[in-house]
Amino acid sequence: MKKGLFLMSTAGLVFAGGLLGGNVYADSSKQVTAVGSTALQPLAAQAADEFGSKNPGVTVNVQGGGSGAGLSQVGKGNVTIGNSDIFAEQKDGIKANKLKDHKVAVVGITPVVNADVKVSSLTMSQLRDIFTGKITNWKDVGGQDQEISLVNRAQGSGTRFTFEKEVMDGQATKTSQEQDDNGAVQKIVSKTPGAISYLAFSYTTGDQAKNLKPLAIDKVKPTVKNVKDNKWSIWAYEHMYTTKKPDKNTTKFIKFVKSNSMKSTVKKLGYIPVNEMKVTKNANGDVTKKVNN
């Protein structure tokens with residue numbers, strides 16, 4: 001998905017330009033605008049299409065930009081939904097108490113390499129050393145004699161926040177090329193020999209991901225099953241944040257995303273329904289086993 005392009009529902013016409021201001025819509029009560037996380041973007045866009053077909057006259061606009069942008073824009077009232085991979089409390093400058101959190105899914109995040117890299121598993125220590133720049137050649141972790149090419153997400157990315165929180169143990173990542181969205185990372189790692197980065201599970205399947213290889217960590221594979229019980233710890237909730245009193249169409253859309261009718265789509269796209277998780281995670285990163293699950 002290209003940054004800056006709107007993904008349109010079947011419910012109506014989207015006008016480019018006016019996303020963050022200006023009265024370009026004849027009736028704002030008939031349109032929902034969701035901005036932010038590119039990890040959530042495939043699900044949000046598909047839900048917009050399905051919702052639009054069931055609700056003629058209501059337009060759902062979906063755009064990326066990163067979790068930080070989503071939280072900032074919904075906080076300012078410029079959009080009706082801020083899509084985020086992180087809790088609002090985890091983002092500086094966001095008044096979380098002014099927003100309402102709607103957890104619509106869970107997403108796993110995995111390190112990925114160009115398929116030509118002859119490594120399938122790393123220890124957590126090795127992965128951390130690669131992203132700090134301590135390890136710079138694949139031969140040092142059992143691969144070929146090839147320089148490691150780091151690709152990172154930009155600051156403000158919820159995917160980056162989750163990866164750094166779960167992997168880096170407080171250490172800073174090495175300065176490297178940074179990309180604004182999961183789609184750009186997917187494309188660059190696929191085409192760059194020796195490249196490594198990290199992606200939401202939803203970007204590791206399909207034709208566009210055929211030249212990518214997800215890596216196991218400490219012999220644990222990045223699977224939905226392992227995310228559900230936290231054996232794979234690099235995961236996050238997909239949040240749709242709104243104001244405390246969202247309009248009826250925004251409320252209706254979010255309810256649709258969380259409904260049983262969307263569950264098969266959620267799974268097909270590589271996400272996990274929240275109610276299938278065997279653990280919960282709070283804004284501090286504390287993981288607790290669910291009772292009676």
# chains A, B, ... in the order shown; residues from 1 in each chain; ligands from 1
call {"tool": "closest_atom_pairs", "arguments": {"of": "stretch 111-170 of chain A", "to": "stretch 77-87 of chain A", "cutoff": "9 Å", "atoms": "only C-alpha atoms", "output": "tab-separated table"}}
result
residue	atom	partner	partner_atom	distance
A:Ser157	CA	A:Asp85	CA	8.2
A:Gly158	CA	A:Asp85	CA	4.8
A:Thr159	CA	A:Asp85	CA	6.5
A:Phe161	CA	A:Ile86	CA	7.6
A:Thr162	CA	A:Ile86	CA	7.5
call {"tool": "write_last_selection", "arguments": {"atoms": "all heavy atoms", "output": "mmCIF file, in the first residue's frame"}}
result
data_model
loop_
_atom_site.group_PDB
_atom_site.id
_atom_site.type_symbol
_atom_site.label_atom_id
_atom_site.label_comp_id
_atom_site.auth_asym_id
_atom_site.auth_seq_id
_atom_site.Cartn_x
_atom_site.Cartn_y
_atom_site.Cartn_z
ATOM 1 N N SER A 157 6.322 5.116 14.944
ATOM 2 C CA SER A 157 5.717 3.855 14.528
ATOM 3 C C SER A 157 5.402 2.991 15.740
ATOM 4 O O SER A 157 6.266 2.751 16.588
ATOM 5 C CB SER A 157 6.679 3.097 13.604
ATOM 6 O OG SER A 157 6.394 1.717 13.584
ATOM 7 N N GLY A 158 4.177 2.494 15.815
ATOM 8 C CA GLY A 158 3.815 1.582 16.897
ATOM 9 C C GLY A 158 4.508 0.246 16.753
ATOM 10 O O GLY A 158 4.850 -0.401 17.747
ATOM 11 N N THR A 159 4.732 -0.181 15.506
ATOM 12 C CA THR A 159 5.454 -1.434 15.274
ATOM 13 C C THR A 159 6.873 -1.323 15.824
ATOM 14 O O THR A 159 7.380 -2.246 16.473
ATOM 15 C CB THR A 159 5.485 -1.763 13.773
ATOM 16 O OG1 THR A 159 4.155 -1.771 13.255
ATOM 17 C CG2 THR A 159 6.123 -3.120 13.523
ATOM 18 N N PHE A 161 7.878 0.750 18.197
ATOM 19 C CA PHE A 161 7.784 0.844 19.658
ATOM 20 C C PHE A 161 7.695 -0.548 20.273
ATOM 21 O O PHE A 161 8.404 -0.863 21.242
ATOM 22 C CB PHE A 161 6.551 1.669 20.049
ATOM 23 C CG PHE A 161 6.359 1.810 21.537
ATOM 24 C CD1 PHE A 161 6.872 2.903 22.209
ATOM 25 C CD2 PHE A 161 5.668 0.841 22.266
ATOM 26 C CE1 PHE A 161 6.701 3.032 23.590
ATOM 27 C CE2 PHE A 161 5.497 0.951 23.632
ATOM 28 C CZ PHE A 161 6.010 2.056 24.297
ATOM 29 N N THR A 162 6.829 -1.393 19.715
ATOM 30 C CA THR A 162 6.651 -2.737 20.261
ATOM 31 C C THR A 162 7.914 -3.565 20.087
ATOM 32 O O THR A 162 8.342 -4.277 21.009
ATOM 33 C CB THR A 162 5.459 -3.435 19.569
ATOM 34 O OG1 THR A 162 4.277 -2.661 19.780
ATOM 35 C CG2 THR A 162 5.249 -4.835 20.122
#
call {"tool": "select_by_dssp", "arguments": {"residues": "stretch 9-213 of chain A", "states": "strand (DSSP E)", "output": "VMD selection string"}}
result
chain A and resid 31 to 36 59 to 65 81 to 84 99 to 114 121 to 122 149 to 153 177 to 179 195 to 200 212 to 213
call {"tool": "closest_residue", "arguments": {"among": "A:Ser197, A:Asp286, A:Met240, A:Met168", "to": "A:Gly70", "atoms": "only C-alpha atoms"}}
result
A:Met240
call {"tool": "closest_residue", "arguments": {"among": "A:Gly270, A:Asp180, A:Lys103, A:Lys118", "to": "A:Gly68", "atoms": "only C-alpha atoms"}}
result
A:Asp180
call {"tool": "closest_residue", "arguments": {"among": "A:Thr288, A:Ser202, A:Gln63, A:Ser37", "to": "A:Ala154", "atoms": "only C-alpha atoms"}}
result
A:Ser37
call {"tool": "closest_atom_pairs", "arguments": {"of": "stretch 24-135 of chain A", "to": "stretch 205-228 of chain A", "cutoff": "12 Å", "atoms": "only C-alpha atoms", "output": "tab-separated table"}}
result
residue	atom	partner	partner_atom	distance
A:Ala105	CA	A:Lys228	CA	11.7
A:Val106	CA	A:Val227	CA	8.9
A:Val107	CA	A:Val227	CA	8.5
A:Gly108	CA	A:Val227	CA	6.5
A:Ile109	CA	A:Pro222	CA	7.8
A:Thr110	CA	A:Pro222	CA	6.3
A:Pro111	CA	A:Leu215	CA	5.7
A:Val112	CA	A:Pro214	CA	4.3
A:Val113	CA	A:Lys213	CA	5.3
A:Asn114	CA	A:Leu212	CA	5.0
A:Ala115	CA	A:Leu212	CA	4.8
A:Asp116	CA	A:Asn211	CA	8.0
A:Val117	CA	A:Lys213	CA	8.3
A:Lys118	CA	A:Lys213	CA	9.9
A:Val119	CA	A:Leu215	CA	7.8
A:Ser120	CA	A:Leu215	CA	5.2
A:Ser121	CA	A:Ala216	CA	4.5
A:Leu122	CA	A:Ile217	CA	5.1
A:Thr123	CA	A:Asp218	CA	4.5
A:Met124	CA	A:Ile217	CA	5.9
A:Ser125	CA	A:Asp218	CA	9.1
A:Gln126	CA	A:Ile217	CA	9.2
A:Leu127	CA	A:Ile217	CA	8.1
A:Arg128	CA	A:Ile217	CA	10.9
call {"tool": "select_by_dssp", "arguments": {"residues": "stretch 120-198 of chain A", "states": "helix (DSSP H, G or I)", "output": "PyMOL selection string"}}
result
chain A and resi 124-132+138-141+158-168+182-191
call {"tool": "decode", "arguments": {"residues": "stretch 92-104 of chain A", "atoms": "all heavy atoms", "output": "PDB file, in the first residue's frame"}}
result
ATOM      1  N   ASP A  92       4.038   9.965  24.268  1.00  0.00           N
ATOM      2  CA  ASP A  92       4.204  11.283  24.876  1.00  0.00           C
ATOM      3  C   ASP A  92       3.330  12.319  24.170  1.00  0.00           C
ATOM      4  O   ASP A  92       3.194  12.309  22.940  1.00  0.00           O
ATOM      5  CB  ASP A  92       5.670  11.724  24.796  1.00  0.00           C
ATOM      6  CG  ASP A  92       6.586  10.896  25.681  1.00  0.00           C
ATOM      7  OD1 ASP A  92       6.074  10.246  26.604  1.00  0.00           O
ATOM      8  OD2 ASP A  92       7.803  10.890  25.422  1.00  0.00           O
ATOM      9  N   GLY A  93       2.749  13.203  24.961  1.00  0.00           N
ATOM     10  CA  GLY A  93       1.975  14.301  24.399  1.00  0.00           C
ATOM     11  C   GLY A  93       0.527  13.972  24.103  1.00  0.00           C
ATOM     12  O   GLY A  93      -0.218  14.835  23.640  1.00  0.00           O
ATOM     13  N   ILE A  94       0.124  12.737  24.379  1.00  0.00           N
ATOM     14  CA  ILE A  94      -1.262  12.329  24.127  1.00  0.00           C
ATOM     15  C   ILE A  94      -2.031  12.305  25.448  1.00  0.00           C
ATOM     16  O   ILE A  94      -1.576  11.722  26.430  1.00  0.00           O
ATOM     17  CB  ILE A  94      -1.329  10.929  23.475  1.00  0.00           C
ATOM     18  CG1 ILE A  94      -0.559  10.926  22.153  1.00  0.00           C
ATOM     19  CG2 ILE A  94      -2.769  10.495  23.272  1.00  0.00           C
ATOM     20  CD1 ILE A  94      -1.090  11.877  21.109  1.00  0.00           C
ATOM     21  N   LYS A  95      -3.186  12.932  25.470  1.00  0.00           N
ATOM     22  CA  LYS A  95      -4.039  12.937  26.659  1.00  0.00           C
ATOM     23  C   LYS A  95      -4.947  11.715  26.601  1.00  0.00           C
ATOM     24  O   LYS A  95      -6.076  11.772  26.109  1.00  0.00           O
ATOM     25  CB  LYS A  95      -4.843  14.227  26.725  1.00  0.00           C
ATOM     26  CG  LYS A  95      -3.978  15.480  26.896  1.00  0.00           C
ATOM     27  CD  LYS A  95      -4.829  16.738  26.942  1.00  0.00           C
ATOM     28  CE  LYS A  95      -3.946  17.978  27.121  1.00  0.00           C
ATOM     29  NZ  LYS A  95      -4.753  19.219  27.128  1.00  0.00           N
ATOM     30  N   ALA A  96      -4.418  10.609  27.121  1.00  0.00           N
ATOM     31  CA  ALA A  96      -5.122   9.334  27.016  1.00  0.00           C
ATOM     32  C   ALA A  96      -6.482   9.372  27.694  1.00  0.00           C
ATOM     33  O   ALA A  96      -7.422   8.689  27.262  1.00  0.00           O
ATOM     34  CB  ALA A  96      -4.263   8.216  27.612  1.00  0.00           C
ATOM     35  N   ASN A  97      -6.609  10.156  28.748  1.00  0.00           N
ATOM     36  CA  ASN A  97      -7.879  10.220  29.478  1.00  0.00           C
ATOM     37  C   ASN A  97      -8.984  10.909  28.679  1.00  0.00           C
ATOM     38  O   ASN A  97     -10.150  10.874  29.064  1.00  0.00           O
ATOM     39  CB  ASN A  97      -7.688  10.904  30.821  1.00  0.00           C
ATOM     40  CG  ASN A  97      -7.230  12.348  30.696  1.00  0.00           C
ATOM     41  OD1 ASN A  97      -6.677  12.759  29.673  1.00  0.00           O
ATOM     42  ND2 ASN A  97      -7.443  13.126  31.742  1.00  0.00           N
ATOM     43  N   LYS A  98      -8.615  11.527  27.562  1.00  0.00           N
ATOM     44  CA  LYS A  98      -9.602  12.187  26.712  1.00  0.00           C
ATOM     45  C   LYS A  98     -10.075  11.271  25.574  1.00  0.00           C
ATOM     46  O   LYS A  98     -10.959  11.646  24.802  1.00  0.00           O
ATOM     47  CB  LYS A  98      -9.014  13.467  26.101  1.00  0.00           C
ATOM     48  CG  LYS A  98      -8.530  14.491  27.112  1.00  0.00           C
ATOM     49  CD  LYS A  98      -9.684  15.104  27.883  1.00  0.00           C
ATOM     50  CE  LYS A  98      -9.178  16.217  28.802  1.00  0.00           C
ATOM     51  NZ  LYS A  98     -10.299  16.810  29.595  1.00  0.00           N
ATOM     52  N   LEU A  99      -9.463  10.093  25.481  1.00  0.00           N
ATOM     53  CA  LEU A  99      -9.760   9.176  24.384  1.00  0.00           C
ATOM     54  C   LEU A  99     -10.395   7.880  24.883  1.00  0.00           C
ATOM     55  O   LEU A  99     -10.228   7.502  26.041  1.00  0.00           O
ATOM     56  CB  LEU A  99      -8.485   8.850  23.607  1.00  0.00           C
ATOM     57  CG  LEU A  99      -7.744  10.024  22.964  1.00  0.00           C
ATOM     58  CD1 LEU A  99      -6.456   9.543  22.321  1.00  0.00           C
ATOM     59  CD2 LEU A  99      -8.631  10.734  21.944  1.00  0.00           C
ATOM     60  N   LYS A 100     -11.078   7.211  23.990  1.00  0.00           N
ATOM     61  CA  LYS A 100     -11.688   5.916  24.294  1.00  0.00           C
ATOM     62  C   LYS A 100     -10.987   4.833  23.490  1.00  0.00           C
ATOM     63  O   LYS A 100     -10.807   4.956  22.273  1.00  0.00           O
ATOM     64  CB  LYS A 100     -13.177   5.944  23.951  1.00  0.00           C
ATOM     65  CG  LYS A 100     -13.937   4.691  24.362  1.00  0.00           C
ATOM     66  CD  LYS A 100     -15.433   4.867  24.132  1.00  0.00           C
ATOM     67  CE  LYS A 100     -16.210   3.633  24.597  1.00  0.00           C
ATOM     68  NZ  LYS A 100     -17.675   3.815  24.399  1.00  0.00           N
ATOM     69  N   ASP A 101     -10.576   3.779  24.167  1.00  0.00           N
ATOM     70  CA  ASP A 101      -9.810   2.704  23.545  1.00  0.00           C
ATOM     71  C   ASP A 101     -10.733   1.572  23.102  1.00  0.00           C
ATOM     72  O   ASP A 101     -11.502   1.031  23.892  1.00  0.00           O
ATOM     73  CB  ASP A 101      -8.783   2.174  24.558  1.00  0.00           C
ATOM     74  CG  ASP A 101      -7.883   1.090  23.978  1.00  0.00           C
ATOM     75  OD1 ASP A 101      -7.931   0.855  22.760  1.00  0.00           O
ATOM     76  OD2 ASP A 101      -7.129   0.482  24.759  1.00  0.00           O
ATOM     77  N   HIS A 102     -10.635   1.201  21.833  1.00  0.00           N
ATOM     78  CA  HIS A 102     -11.375   0.057  21.297  1.00  0.00           C
ATOM     79  C   HIS A 102     -10.339  -0.929  20.760  1.00  0.00           C
ATOM     80  O   HIS A 102      -9.716  -0.680  19.722  1.00  0.00           O
ATOM     81  CB  HIS A 102     -12.301   0.490  20.162  1.00  0.00           C
ATOM     82  CG  HIS A 102     -13.180   1.655  20.489  1.00  0.00           C
ATOM     83  ND1 HIS A 102     -14.458   1.514  20.984  1.00  0.00           N
ATOM     84  CD2 HIS A 102     -12.944   2.999  20.398  1.00  0.00           C
ATOM     85  CE1 HIS A 102     -14.989   2.714  21.175  1.00  0.00           C
ATOM     86  NE2 HIS A 102     -14.088   3.622  20.827  1.00  0.00           N
ATOM     87  N   LYS A 103     -10.131  -2.040  21.457  1.00  0.00           N
ATOM     88  CA  LYS A 103      -9.187  -3.056  21.003  1.00  0.00           C
ATOM     89  C   LYS A 103      -9.909  -3.942  19.997  1.00  0.00           C
ATOM     90  O   LYS A 103     -10.846  -4.647  20.344  1.00  0.00           O
ATOM     91  CB  LYS A 103      -8.661  -3.874  22.177  1.00  0.00           C
ATOM     92  CG  LYS A 103      -7.893  -3.073  23.217  1.00  0.00           C
ATOM     93  CD  LYS A 103      -7.405  -3.980  24.339  1.00  0.00           C
ATOM     94  CE  LYS A 103      -6.728  -3.193  25.444  1.00  0.00           C
ATOM     95  NZ  LYS A 103      -7.716  -2.378  26.215  1.00  0.00           N
ATOM     96  N   VAL A 104      -9.445  -3.934  18.743  1.00  0.00           N
ATOM     97  CA  VAL A 104     -10.167  -4.643  17.689  1.00  0.00           C
ATOM     98  C   VAL A 104      -9.482  -5.937  17.257  1.00  0.00           C
ATOM     99  O   VAL A 104     -10.097  -6.770  16.591  1.00  0.00           O
ATOM    100  CB  VAL A 104     -10.390  -3.731  16.465  1.00  0.00           C
ATOM    101  CG1 VAL A 104     -11.234  -2.526  16.837  1.00  0.00           C
ATOM    102  CG2 VAL A 104      -9.060  -3.291  15.846  1.00  0.00           C
TER     103      VAL A 104
END
